[in-house]
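S.K.: Structure supplied as start.cif; contents: mmCIF, C-alpha atoms and all ligand atoms.
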```
data_coords
#
loop_
_atom_site.group_PDB
_atom_site.id
_atom_site.type_symbol
_atom_site.label_atom_id
_atom_site.label_comp_id
_atom_site.auth_asym_id
_atom_site.auth_seq_id
_atom_site.Cartn_x
_atom_site.Cartn_y
_atom_site.Cartn_z
ATOM 1 C CA MET A 283 -40.883 8.604 -26.046
ATOM 2 C CA GLY A 284 -37.473 8.245 -24.394
ATOM 3 C CA PRO A 285 -35.696 4.886 -24.511
ATOM 4 C CA THR A 286 -37.940 2.727 -26.683
ATOM 5 C CA LEU A 287 -38.223 -0.987 -27.346
ATOM 6 C CA ALA A 288 -39.270 -0.973 -31.002
ATOM 7 C CA HIS A 289 -40.568 -4.543 -31.330
ATOM 8 C CA GLU A 290 -42.119 -6.318 -28.383
ATOM 9 C CA HIS A 291 -45.462 -7.882 -27.531
ATOM 10 C CA LEU A 292 -47.690 -7.737 -24.504
ATOM 11 C CA PHE A 293 -49.605 -10.928 -25.302
ATOM 12 C CA VAL A 294 -49.512 -13.353 -28.190
ATOM 13 C CA LEU A 295 -52.648 -15.451 -27.935
ATOM 14 C CA SER A 296 -54.336 -18.064 -30.086
ATOM 15 C CA GLN A 297 -57.729 -16.477 -29.664
ATOM 16 C CA GLU A 298 -59.989 -19.353 -30.627
ATOM 17 C CA PHE A 299 -58.126 -21.685 -28.282
ATOM 18 C CA GLN A 300 -58.348 -19.114 -25.486
ATOM 19 C CA HIS A 301 -62.026 -18.566 -26.164
ATOM 20 C CA ASN A 302 -62.922 -22.255 -26.227
ATOM 21 C CA TYR A 303 -60.579 -23.397 -23.445
ATOM 22 C CA PRO A 304 -60.703 -20.496 -21.010
ATOM 23 C CA PHE A 305 -58.827 -22.478 -18.349
ATOM 24 C CA LEU A 306 -55.686 -22.076 -20.483
ATOM 25 C CA TRP A 307 -54.959 -18.605 -19.207
ATOM 26 C CA ASP A 308 -56.061 -16.260 -16.435
ATOM 27 C CA ARG A 309 -56.709 -12.897 -18.059
ATOM 28 C CA GLU A 310 -56.578 -10.840 -14.860
ATOM 29 C CA ARG A 311 -53.343 -12.462 -13.704
ATOM 30 C CA GLY A 312 -51.945 -12.002 -17.208
ATOM 31 C CA VAL A 313 -52.680 -8.274 -17.144
ATOM 32 C CA ALA A 314 -51.086 -7.919 -13.714
ATOM 33 C CA GLU A 315 -48.002 -9.871 -14.794
ATOM 34 C CA ALA A 316 -47.567 -7.813 -17.990
ATOM 35 C CA ALA A 317 -47.908 -4.566 -16.049
ATOM 36 C CA ALA A 318 -45.390 -5.779 -13.446
ATOM 37 C CA GLN A 319 -42.885 -6.684 -16.184
ATOM 38 C CA LEU A 320 -43.337 -3.267 -17.828
ATOM 39 C CA GLU A 321 -42.901 -1.528 -14.477
ATOM 40 C CA ARG A 322 -39.609 -3.380 -14.007
ATOM 41 C CA ALA A 323 -38.586 -2.185 -17.486
ATOM 42 C CA TYR A 324 -39.576 1.392 -16.574
ATOM 43 C CA ASP A 325 -37.421 1.157 -13.468
ATOM 44 C CA ALA A 326 -34.571 -0.011 -15.723
ATOM 45 C CA GLY A 327 -34.874 3.265 -17.662
ATOM 46 C CA LEU A 328 -37.185 2.317 -20.536
ATOM 47 C CA ARG A 329 -40.112 4.595 -21.354
ATOM 48 C CA THR A 330 -41.900 3.258 -24.457
ATOM 49 C CA VAL A 331 -42.724 -0.188 -25.784
ATOM 50 C CA VAL A 332 -44.072 -0.817 -29.270
ATOM 51 C CA ASP A 333 -46.498 -3.758 -29.127
ATOM 52 C CA MET A 334 -46.219 -5.441 -32.530
ATOM 53 C CA THR A 335 -49.161 -7.762 -31.936
ATOM 54 C CA VAL A 336 -51.420 -7.633 -34.995
ATOM 55 C CA ILE A 337 -54.398 -9.553 -36.396
ATOM 56 C CA GLY A 338 -53.507 -13.243 -36.315
ATOM 57 C CA GLN A 339 -51.525 -12.938 -33.076
ATOM 58 C CA GLY A 340 -54.484 -12.425 -30.793
ATOM 59 C CA ARG A 341 -54.546 -8.635 -30.790
ATOM 60 C CA ASP A 342 -57.011 -7.431 -28.143
ATOM 61 C CA ILE A 343 -56.931 -3.680 -27.641
ATOM 62 C CA GLU A 344 -58.886 -3.812 -24.376
ATOM 63 C CA LEU A 345 -56.219 -6.108 -22.917
ATOM 64 C CA VAL A 346 -53.572 -3.600 -23.983
ATOM 65 C CA ARG A 347 -55.580 -0.767 -22.441
ATOM 66 C CA ALA A 348 -55.941 -2.720 -19.184
ATOM 67 C CA VAL A 349 -52.156 -3.080 -18.998
ATOM 68 C CA ALA A 350 -51.559 0.546 -20.008
ATOM 69 C CA ASP A 351 -53.824 1.653 -17.143
ATOM 70 C CA ARG A 352 -51.536 -0.186 -14.706
ATOM 71 C CA THR A 353 -48.100 0.958 -15.866
ATOM 72 C CA ARG A 354 -46.164 4.185 -16.357
ATOM 73 C CA MET A 355 -44.739 2.772 -19.605
ATOM 74 C CA ASN A 356 -45.933 4.295 -22.891
ATOM 75 C CA ILE A 357 -47.342 1.618 -25.169
ATOM 76 C CA VAL A 358 -47.592 2.131 -28.925
ATOM 77 C CA VAL A 359 -49.734 -0.404 -30.770
ATOM 78 C CA ALA A 360 -49.469 -1.725 -34.313
ATOM 79 C CA THR A 361 -51.954 -2.718 -36.925
ATOM 80 C CA GLY A 362 -51.520 -5.234 -39.722
ATOM 81 C CA VAL A 363 -51.908 -8.938 -40.360
ATOM 82 C CA TYR A 364 -49.589 -11.769 -39.310
ATOM 83 C CA THR A 365 -49.568 -13.380 -42.737
ATOM 84 C CA ILE A 366 -47.053 -16.078 -41.874
ATOM 85 C CA ASP A 367 -49.434 -18.667 -43.359
ATOM 86 C CA GLY A 368 -50.607 -16.382 -46.144
ATOM 87 C CA ILE A 369 -53.689 -14.191 -46.343
ATOM 88 C CA PRO A 370 -56.230 -15.330 -43.712
ATOM 89 C CA PRO A 371 -59.450 -16.832 -45.119
ATOM 90 C CA PHE A 372 -61.350 -13.696 -44.042
ATOM 91 C CA ALA A 373 -59.695 -11.812 -46.902
ATOM 92 C CA ARG A 374 -58.270 -14.623 -49.038
ATOM 93 C CA PHE A 375 -61.136 -14.995 -51.464
ATOM 94 C CA ARG A 376 -61.915 -11.323 -52.127
ATOM 95 C CA GLY A 377 -59.506 -8.756 -53.382
ATOM 96 C CA PRO A 378 -57.416 -8.003 -56.432
ATOM 97 C CA GLY A 379 -56.883 -11.223 -58.432
ATOM 98 C CA CYS A 380 -59.009 -13.294 -56.014
ATOM 99 C CA LEU A 381 -61.997 -15.591 -56.542
ATOM 100 C CA VAL A 382 -64.162 -12.500 -56.109
ATOM 101 C CA GLU A 383 -62.485 -9.567 -57.801
ATOM 102 C CA ALA A 384 -62.901 -6.669 -55.390
ATOM 103 C CA PRO A 385 -60.936 -3.937 -53.621
ATOM 104 C CA ASP A 386 -58.745 -5.369 -50.848
ATOM 105 C CA PRO A 387 -60.918 -5.197 -47.712
ATOM 106 C CA LEU A 388 -57.799 -5.072 -45.536
ATOM 107 C CA ILE A 389 -56.862 -1.598 -46.755
ATOM 108 C CA ASP A 390 -59.838 0.231 -45.250
ATOM 109 C CA LEU A 391 -59.755 -1.826 -42.048
ATOM 110 C CA LEU A 392 -56.062 -1.258 -41.371
ATOM 111 C CA THR A 393 -56.282 2.417 -42.345
ATOM 112 C CA ALA A 394 -59.130 2.992 -39.890
ATOM 113 C CA ASP A 395 -57.043 1.397 -37.102
ATOM 114 C CA ILE A 396 -54.570 4.231 -37.666
ATOM 115 C CA THR A 397 -56.922 7.136 -38.363
ATOM 116 C CA ASP A 398 -59.883 6.333 -36.073
ATOM 117 C CA GLY A 399 -58.623 3.736 -33.608
ATOM 118 C CA ILE A 400 -58.842 -0.008 -33.056
ATOM 119 C CA ALA A 401 -62.206 -1.660 -32.373
ATOM 120 C CA GLY A 402 -63.927 1.543 -31.326
ATOM 121 C CA SER A 403 -61.360 2.202 -28.575
ATOM 122 C CA GLY A 404 -60.058 5.447 -30.051
ATOM 123 C CA ILE A 405 -56.558 3.986 -29.611
ATOM 124 C CA ARG A 406 -54.754 4.576 -32.907
ATOM 125 C CA ALA A 407 -52.058 2.285 -34.261
ATOM 126 C CA GLY A 408 -48.639 3.810 -34.935
ATOM 127 C CA VAL A 409 -47.222 1.389 -37.485
ATOM 128 C CA VAL A 410 -48.462 -1.186 -40.022
ATOM 129 C CA LYS A 411 -47.031 -4.702 -40.241
ATOM 130 C CA PHE A 412 -47.219 -7.911 -42.216
ATOM 131 C CA ALA A 413 -45.175 -11.108 -42.237
ATOM 132 C CA CYS A 414 -43.546 -13.304 -44.841
ATOM 133 C CA GLU A 415 -41.175 -16.185 -44.178
ATOM 134 C CA ARG A 416 -41.314 -17.566 -47.721
ATOM 135 C CA THR A 417 -38.205 -17.236 -49.865
ATOM 136 C CA PRO A 418 -38.740 -15.870 -52.428
ATOM 137 C CA PRO A 419 -41.813 -13.978 -51.169
ATOM 138 C CA ASP A 420 -45.068 -15.451 -52.491
ATOM 139 C CA ASP A 421 -48.263 -13.945 -53.884
ATOM 140 C CA SER A 422 -49.653 -13.254 -50.417
ATOM 141 C CA ALA A 423 -46.573 -11.133 -49.634
ATOM 142 C CA ARG A 424 -47.075 -9.272 -52.911
ATOM 143 C CA ARG A 425 -50.696 -8.595 -52.007
ATOM 144 C CA MET A 426 -49.802 -7.452 -48.473
ATOM 145 C CA ALA A 427 -46.978 -5.230 -49.765
ATOM 146 C CA SER A 428 -49.492 -3.548 -52.066
ATOM 147 C CA ALA A 429 -52.105 -3.218 -49.300
ATOM 148 C CA VAL A 430 -49.778 -1.827 -46.631
ATOM 149 C CA ALA A 431 -48.205 0.535 -49.172
ATOM 150 C CA GLU A 432 -51.660 2.028 -49.707
ATOM 151 C CA VAL A 433 -52.202 2.243 -45.930
ATOM 152 C CA HIS A 434 -48.801 3.945 -45.684
ATOM 153 C CA ARG A 435 -49.714 6.453 -48.409
ATOM 154 C CA ARG A 436 -52.954 7.304 -46.639
ATOM 155 C CA THR A 437 -51.522 7.632 -43.138
ATOM 156 C CA GLY A 438 -47.745 8.119 -43.282
ATOM 157 C CA VAL A 439 -46.982 5.372 -40.752
ATOM 158 C CA ALA A 440 -43.923 3.197 -41.240
ATOM 159 C CA VAL A 441 -44.179 -0.346 -42.606
ATOM 160 C CA VAL A 442 -42.757 -3.276 -40.650
ATOM 161 C CA VAL A 443 -42.269 -6.608 -42.372
ATOM 162 C CA HIS A 444 -41.445 -9.774 -40.423
ATOM 163 C CA CYS A 445 -38.932 -11.555 -42.667
ATOM 164 C CA ASP A 446 -37.170 -14.898 -42.889
ATOM 165 C CA PRO A 447 -33.699 -13.950 -41.643
ATOM 166 C CA PHE A 448 -32.191 -17.389 -42.227
ATOM 167 C CA GLU A 449 -32.814 -17.972 -45.910
ATOM 168 C CA GLY A 450 -32.831 -14.209 -46.219
ATOM 169 C CA ASN A 451 -35.856 -12.771 -48.048
ATOM 170 C CA GLY A 452 -35.357 -9.228 -46.715
ATOM 171 C CA LEU A 453 -33.971 -7.760 -49.930
ATOM 172 C CA GLU A 454 -36.941 -9.085 -51.903
ATOM 173 C CA LEU A 455 -39.426 -7.777 -49.338
ATOM 174 C CA VAL A 456 -37.850 -4.309 -49.421
ATOM 175 C CA ALA A 457 -37.963 -4.419 -53.237
ATOM 176 C CA LEU A 458 -41.681 -5.322 -53.141
ATOM 177 C CA LEU A 459 -42.418 -2.349 -50.892
ATOM 178 C CA THR A 460 -40.240 0.186 -52.700
ATOM 179 C CA GLY A 461 -41.797 -1.089 -55.931
ATOM 180 C CA GLU A 462 -45.133 -0.057 -54.431
ATOM 181 C CA GLY A 463 -43.755 3.411 -53.739
ATOM 182 C CA VAL A 464 -42.767 3.130 -50.060
ATOM 183 C CA ALA A 465 -39.468 4.925 -49.383
ATOM 184 C CA SER A 466 -36.928 2.405 -48.096
ATOM 185 C CA ASP A 467 -36.246 4.488 -44.984
ATOM 186 C CA ARG A 468 -39.905 3.934 -43.972
ATOM 187 C CA VAL A 469 -39.491 0.139 -44.090
ATOM 188 C CA VAL A 470 -38.360 -2.010 -41.159
ATOM 189 C CA VAL A 471 -37.147 -5.529 -41.904
ATOM 190 C CA ALA A 472 -38.026 -7.127 -38.590
ATOM 191 C CA HIS A 473 -35.839 -9.972 -37.295
ATOM 192 C CA ALA A 474 -33.083 -9.303 -39.872
ATOM 193 C CA GLY A 475 -30.632 -9.365 -36.974
ATOM 194 C CA ASP A 476 -31.102 -13.115 -36.500
ATOM 195 C CA SER A 477 -28.811 -13.511 -39.500
ATOM 196 C CA GLY A 478 -25.135 -14.290 -39.019
ATOM 197 C CA ASP A 479 -24.311 -13.362 -42.619
ATOM 198 C CA LEU A 480 -22.753 -9.895 -42.642
ATOM 199 C CA ASP A 481 -22.802 -9.625 -46.444
ATOM 200 C CA THR A 482 -26.568 -10.140 -46.471
ATOM 201 C CA LEU A 483 -27.042 -7.611 -43.684
ATOM 202 C CA ARG A 484 -24.870 -5.034 -45.431
ATOM 203 C CA ALA A 485 -26.744 -5.517 -48.692
ATOM 204 C CA LEU A 486 -30.001 -5.003 -46.824
ATOM 205 C CA ALA A 487 -28.659 -1.884 -45.097
ATOM 206 C CA ASP A 488 -27.486 -0.533 -48.450
ATOM 207 C CA THR A 489 -31.135 -0.343 -49.552
ATOM 208 C CA GLY A 490 -31.688 2.314 -46.861
ATOM 209 C CA CYS A 491 -34.229 0.272 -44.879
ATOM 210 C CA LEU A 492 -34.195 -0.209 -41.114
ATOM 211 C CA LEU A 493 -33.014 -3.539 -39.724
ATOM 212 C CA GLY A 494 -34.568 -5.117 -36.661
ATOM 213 C CA PHE A 495 -32.026 -6.517 -34.237
ATOM 214 C CA ASP A 496 -35.151 -7.214 -32.309
ATOM 215 C CA ARG A 497 -34.851 -10.711 -30.868
ATOM 216 C CA TYR A 498 -32.142 -10.281 -28.258
ATOM 217 C CA GLY A 499 -32.517 -13.052 -25.726
ATOM 218 C CA MET A 500 -34.034 -15.499 -28.218
ATOM 219 C CA THR A 501 -30.759 -17.371 -28.140
ATOM 220 C CA ALA A 502 -32.222 -20.573 -29.583
ATOM 221 C CA LEU A 503 -32.584 -18.627 -32.862
ATOM 222 C CA ALA A 504 -29.268 -16.759 -32.749
ATOM 223 C CA PRO A 505 -26.770 -16.102 -29.941
ATOM 224 C CA ASP A 506 -26.631 -12.572 -28.566
ATOM 225 C CA ASP A 507 -22.863 -12.257 -29.104
ATOM 226 C CA GLN A 508 -23.383 -12.967 -32.804
ATOM 227 C CA ARG A 509 -26.096 -10.288 -32.940
ATOM 228 C CA ASN A 510 -23.698 -7.865 -31.245
ATOM 229 C CA ARG A 511 -20.865 -8.608 -33.680
ATOM 230 C CA MET A 512 -23.152 -8.093 -36.690
ATOM 231 C CA LEU A 513 -24.681 -4.952 -35.221
ATOM 232 C CA ALA A 514 -21.286 -3.418 -34.389
ATOM 233 C CA ALA A 515 -19.994 -4.164 -37.895
ATOM 234 C CA LEU A 516 -22.998 -2.340 -39.368
ATOM 235 C CA VAL A 517 -22.427 0.598 -37.015
ATOM 236 C CA ARG A 518 -18.783 0.806 -38.120
ATOM 237 C CA ALA A 519 -19.969 0.743 -41.739
ATOM 238 C CA GLY A 520 -22.114 3.808 -41.069
ATOM 239 C CA HIS A 521 -25.494 2.063 -40.783
ATOM 240 C CA GLY A 522 -26.129 2.664 -37.091
ATOM 241 C CA HIS A 523 -29.022 5.043 -37.774
ATOM 242 C CA GLN A 524 -30.841 2.155 -39.513
ATOM 243 C CA ILE A 525 -30.842 -0.321 -36.632
ATOM 244 C CA LEU A 526 -33.632 -0.961 -34.140
ATOM 245 C CA VAL A 527 -32.950 -3.013 -31.021
ATOM 246 C CA SER A 528 -35.570 -4.982 -29.132
ATOM 247 C CA GLN A 529 -36.365 -8.457 -27.799
ATOM 248 C CA ASP A 530 -39.641 -9.589 -29.417
ATOM 249 C CA HIS A 531 -40.571 -10.580 -25.879
ATOM 250 C CA ALA A 532 -44.147 -11.293 -24.842
ATOM 251 C CA SER A 533 -45.232 -11.265 -21.220
ATOM 252 C CA HIS A 534 -47.383 -14.213 -22.260
ATOM 253 C CA ILE A 535 -47.307 -16.243 -25.475
ATOM 254 C CA ASP A 536 -49.430 -19.379 -25.661
ATOM 255 C CA TYR A 537 -47.356 -21.105 -28.344
ATOM 256 C CA LEU A 538 -45.512 -22.812 -25.487
ATOM 257 C CA THR A 539 -46.218 -23.423 -21.836
ATOM 258 C CA THR A 540 -44.495 -20.977 -19.487
ATOM 259 C CA GLU A 541 -42.095 -23.738 -18.436
ATOM 260 C CA GLN A 542 -41.230 -24.668 -22.028
ATOM 261 C CA ARG A 543 -40.655 -21.025 -22.882
ATOM 262 C CA ARG A 544 -38.349 -20.465 -19.915
ATOM 263 C CA GLU A 545 -36.314 -23.523 -20.844
ATOM 264 C CA LEU A 546 -35.972 -22.475 -24.487
ATOM 265 C CA PHE A 547 -35.359 -18.752 -23.877
ATOM 266 C CA PRO A 548 -34.096 -18.381 -20.281
ATOM 267 C CA ASP A 549 -32.850 -14.798 -20.845
ATOM 268 C CA TRP A 550 -35.956 -13.462 -22.572
ATOM 269 C CA SER A 551 -37.462 -10.346 -20.950
ATOM 270 C CA TYR A 552 -38.179 -6.654 -21.531
ATOM 271 C CA THR A 553 -34.974 -5.717 -19.681
ATOM 272 C CA HIS A 554 -32.488 -8.247 -21.069
ATOM 273 C CA LEU A 555 -31.236 -5.734 -23.644
ATOM 274 C CA VAL A 556 -30.436 -2.855 -21.327
ATOM 275 C CA GLU A 557 -29.299 -4.962 -18.382
ATOM 276 C CA ARG A 558 -27.208 -7.658 -20.048
ATOM 277 C CA VAL A 559 -26.726 -6.967 -23.760
ATOM 278 C CA PHE A 560 -25.721 -3.296 -23.748
ATOM 279 C CA PRO A 561 -22.750 -3.786 -21.385
ATOM 280 C CA GLN A 562 -21.462 -6.455 -23.794
ATOM 281 C CA LEU A 563 -22.225 -4.357 -26.868
ATOM 282 C CA LEU A 564 -20.173 -1.468 -25.447
ATOM 283 C CA ARG A 565 -17.087 -3.707 -25.662
ATOM 284 C CA GLU A 566 -17.407 -3.935 -29.449
ATOM 285 C CA PRO A 567 -15.098 -1.572 -31.371
ATOM 286 C CA GLY A 568 -16.965 1.444 -32.711
ATOM 287 C CA VAL A 569 -19.804 1.261 -30.181
ATOM 288 C CA ASP A 570 -20.117 3.832 -27.389
ATOM 289 C CA GLU A 571 -22.845 5.378 -25.238
ATOM 290 C CA SER A 572 -23.938 7.667 -28.060
ATOM 291 C CA THR A 573 -24.484 4.581 -30.237
ATOM 292 C CA LEU A 574 -26.814 3.131 -27.620
ATOM 293 C CA THR A 575 -28.795 6.387 -27.495
ATOM 294 C CA MET A 576 -29.109 6.299 -31.282
ATOM 295 C CA LEU A 577 -30.344 2.679 -31.221
ATOM 296 C CA LEU A 578 -32.751 2.999 -28.319
ATOM 297 C CA GLU A 579 -34.026 6.574 -28.691
ATOM 298 C CA ASP A 580 -33.230 8.369 -31.940
ATOM 299 C CA ASN A 581 -34.012 5.554 -34.382
ATOM 300 C CA PRO A 582 -37.377 4.510 -32.924
ATOM 301 C CA ARG A 583 -38.445 8.139 -32.513
ATOM 302 C CA ARG A 584 -37.718 8.819 -36.181
ATOM 303 C CA LEU A 585 -39.518 5.603 -37.162
ATOM 304 C CA LEU A 586 -42.705 6.481 -35.290
ATOM 305 C CA THR A 587 -42.871 10.216 -35.873
ATOM 306 C CA ALA A 588 -41.532 10.945 -39.364
ATOM 307 C CA GLY A 589 -44.249 11.235 -41.965
ATOM 308 C CA ARG A 590 -47.112 10.943 -39.511
ATOM 309 C CA VAL A 591 -50.269 12.749 -40.404
ATOM 310 C CA PRO A 592 -50.893 14.960 -37.338
ATOM 311 C CA ALA A 593 -53.477 13.455 -35.014
ATOM 312 C CA PRO A 594 -56.703 15.399 -34.596
ATOM 313 C CA LEU A 595 -56.912 17.444 -31.409
ATOM 314 C CA GLU A 596 -58.990 15.675 -28.816
ATOM 315 C CA VAL A 597 -61.214 18.421 -27.522
ATOM 316 C CA GLY A 598 -61.945 18.021 -23.849
ATOM 317 C CA ALA A 599 -59.653 15.004 -23.478
HETATM 318 ZN ZN ZN B 1 -42.807 -9.897 -32.958
#
```
Would you mind writing the file's structure down as structure tokens?
Ligand SMILES: [Zn+2]

M.R.:
Amino acid sequence: MGPTLAHEHLFVLSQEFQHNYPFLWDRERGVAEAAAQLERAYDAGLRTVVDMTVIGQGRDIELVRAVADRTRMNIVVATGVYTIDGIPPFARFRGPGCLVEAPDPLIDLLTADITDGIAGSGIRAGVVKFACERTPPDDSARRMASAVAEVHRRTGVAVVVHCDPFEGNGLELVALLTGEGVASDRVVVAHAGDSGDLDTLRALADTGCLLGFDRYGMTALAPDDQRNRMLAALVRAGHGHQILVSQDHASHIDYLTTEQRRELFPDWSYTHLVERVFPQLLREPGVDESTLTMLLEDNPRRLLTAGRVPAPLEVGA
């Protein structure tokens, strides 16, 4: 795997808008641009990118494959549901405690993404994710925690939960997952590092979970020097092995125009971390080169490999 960005995106697309207004985006140019950005990141020393794009964010495995075919970078894909607005209608009305009492249909679908591959591609997801920005977490978060815990039991992959770092629902999300039997060291609280509250971050780290300092460069949400101060304090407190660093960058995200995005997040890229943040981070007391190796290599490797059910041998591949 080598140096690994643990939480990025290739594309975040509003699929029905893209489908109905195809002039919004040029797919071929988008693939070329993503591959070019990943090649620049490879040249900067990075070797693996985890694409956290799941259902609800425009996941399109053939787009990912098209980019992967044009870059030396390893790409690991995720499965899961971006439940920021709750359970999508597809699954909202059927499941445990729903209008139609039934097994949760998401469990088999997400499991198959990991065991068989996504959409018939044979490309297997390496992690399962959901999202909750409600504080305290609501019923949809409870349902997703239960569903992904079952997926985790069946497959061994780690669970990533996109949290609300500002009000701070991370502790409750970890409690939901550990209550469902997921070991805390197999849980990533994504975006926790947007918080400037060290007490909250330390309490979260004390649960044993991993914390995503995974939005470097998204300075409109939190300044990078604040992220570095929080991160270094956690390292000095002995929590360095629980931290993942990344940028949550997308080569294309249609929530904003390219111009709007550049204005809001001028430093956002796949290489911002290694080119601009790490030199600053090294000035923090308690942080040295071995810390950076732990953050960028050891921690993501443990996240993606521990507990995995061995993949079947691909005969003739
Ligand atoms: Zn993300």

S.K.: Write out as a PyMOL selection string the residues lying within 10 Å of Arg347 in chain A, counting only C-alpha atoms and excluding same-chain residues fewer than 2 positions away.

M.R.: chain A and resi 313+342-345+349-352+357+403+405

S.K.: Quick one: write out the picked residues with C-alpha atoms as a PDB file, keeping the file's coordinate frame?

M.R.:
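That gives us part_22.pdb:
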```
ATOM      1  CA  VAL A 313     -52.680  -8.274 -17.144  1.00  0.00           C
ATOM      2  CA  ASP A 342     -57.011  -7.431 -28.143  1.00  0.00           C
ATOM      3  CA  ILE A 343     -56.931  -3.680 -27.641  1.00  0.00           C
ATOM      4  CA  GLU A 344     -58.886  -3.812 -24.376  1.00  0.00           C
ATOM      5  CA  LEU A 345     -56.219  -6.108 -22.917  1.00  0.00           C
ATOM      6  CA  VAL A 349     -52.156  -3.080 -18.998  1.00  0.00           C
ATOM      7  CA  ALA A 350     -51.559   0.546 -20.008  1.00  0.00           C
ATOM      8  CA  ASP A 351     -53.824   1.653 -17.143  1.00  0.00           C
ATOM      9  CA  ARG A 352     -51.536  -0.186 -14.706  1.00  0.00           C
ATOM     10  CA  ILE A 357     -47.342   1.618 -25.169  1.00  0.00           C
ATOM     11  CA  SER A 403     -61.360   2.202 -28.575  1.00  0.00           C
ATOM     12  CA  ILE A 405     -56.558   3.986 -29.611  1.00  0.00           C
TER      13      ILE A 405
END
```

S.K.: Using only C-alpha atoms, determine which residues lie at most 7 Å from Gln339 in chain A, disregarding the query and same-chain residues fewer than 5 positions distant; provide the list as a list of chain:residue names.

M.R.: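 The neighbour list is A:Val294, A:Leu295, A:Ser296, A:Tyr364.
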
S.K.: Run the PyMOL selection byres (((chain A and resi 485) around 12) and not hetatm) against the file shown and list the residues it catches, as a ChimeraX atom specification.

M.R.: /A:450-454,456,474,479-484,486-493,516,519,521

S.K.: Using all atoms listed in the file, I'd like a table of the residues in chain A that come within 8 Å of ligand ZN 1 (chain B); for each, show the closest atom pair and its distance in Å rounded to one decimal, ordered by chain and ascending number, as a tab-separated table.

M.R.:
```
residue	atom	partner	partner_atom	distance
A:His289	CA	B:ZN1	ZN	6.0
A:Glu290	CA	B:ZN1	ZN	5.8
A:His291	CA	B:ZN1	ZN	6.4
A:Met334	CA	B:ZN1	ZN	5.6
A:Thr335	CA	B:ZN1	ZN	6.8
A:His444	CA	B:ZN1	ZN	7.6
A:Ala472	CA	B:ZN1	ZN	7.9
A:Asp530	CA	B:ZN1	ZN	4.8
A:His531	CA	B:ZN1	ZN	7.5
```

S.K.: Using CA of Thr553 in chain A and CA of Ala326 in chain A as the two end points, give the distance in Å to one decimal.

M.R.: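 Between CA of Thr553 in chain A and CA of Ala326 in chain A the gap works out to 7.0 Å.
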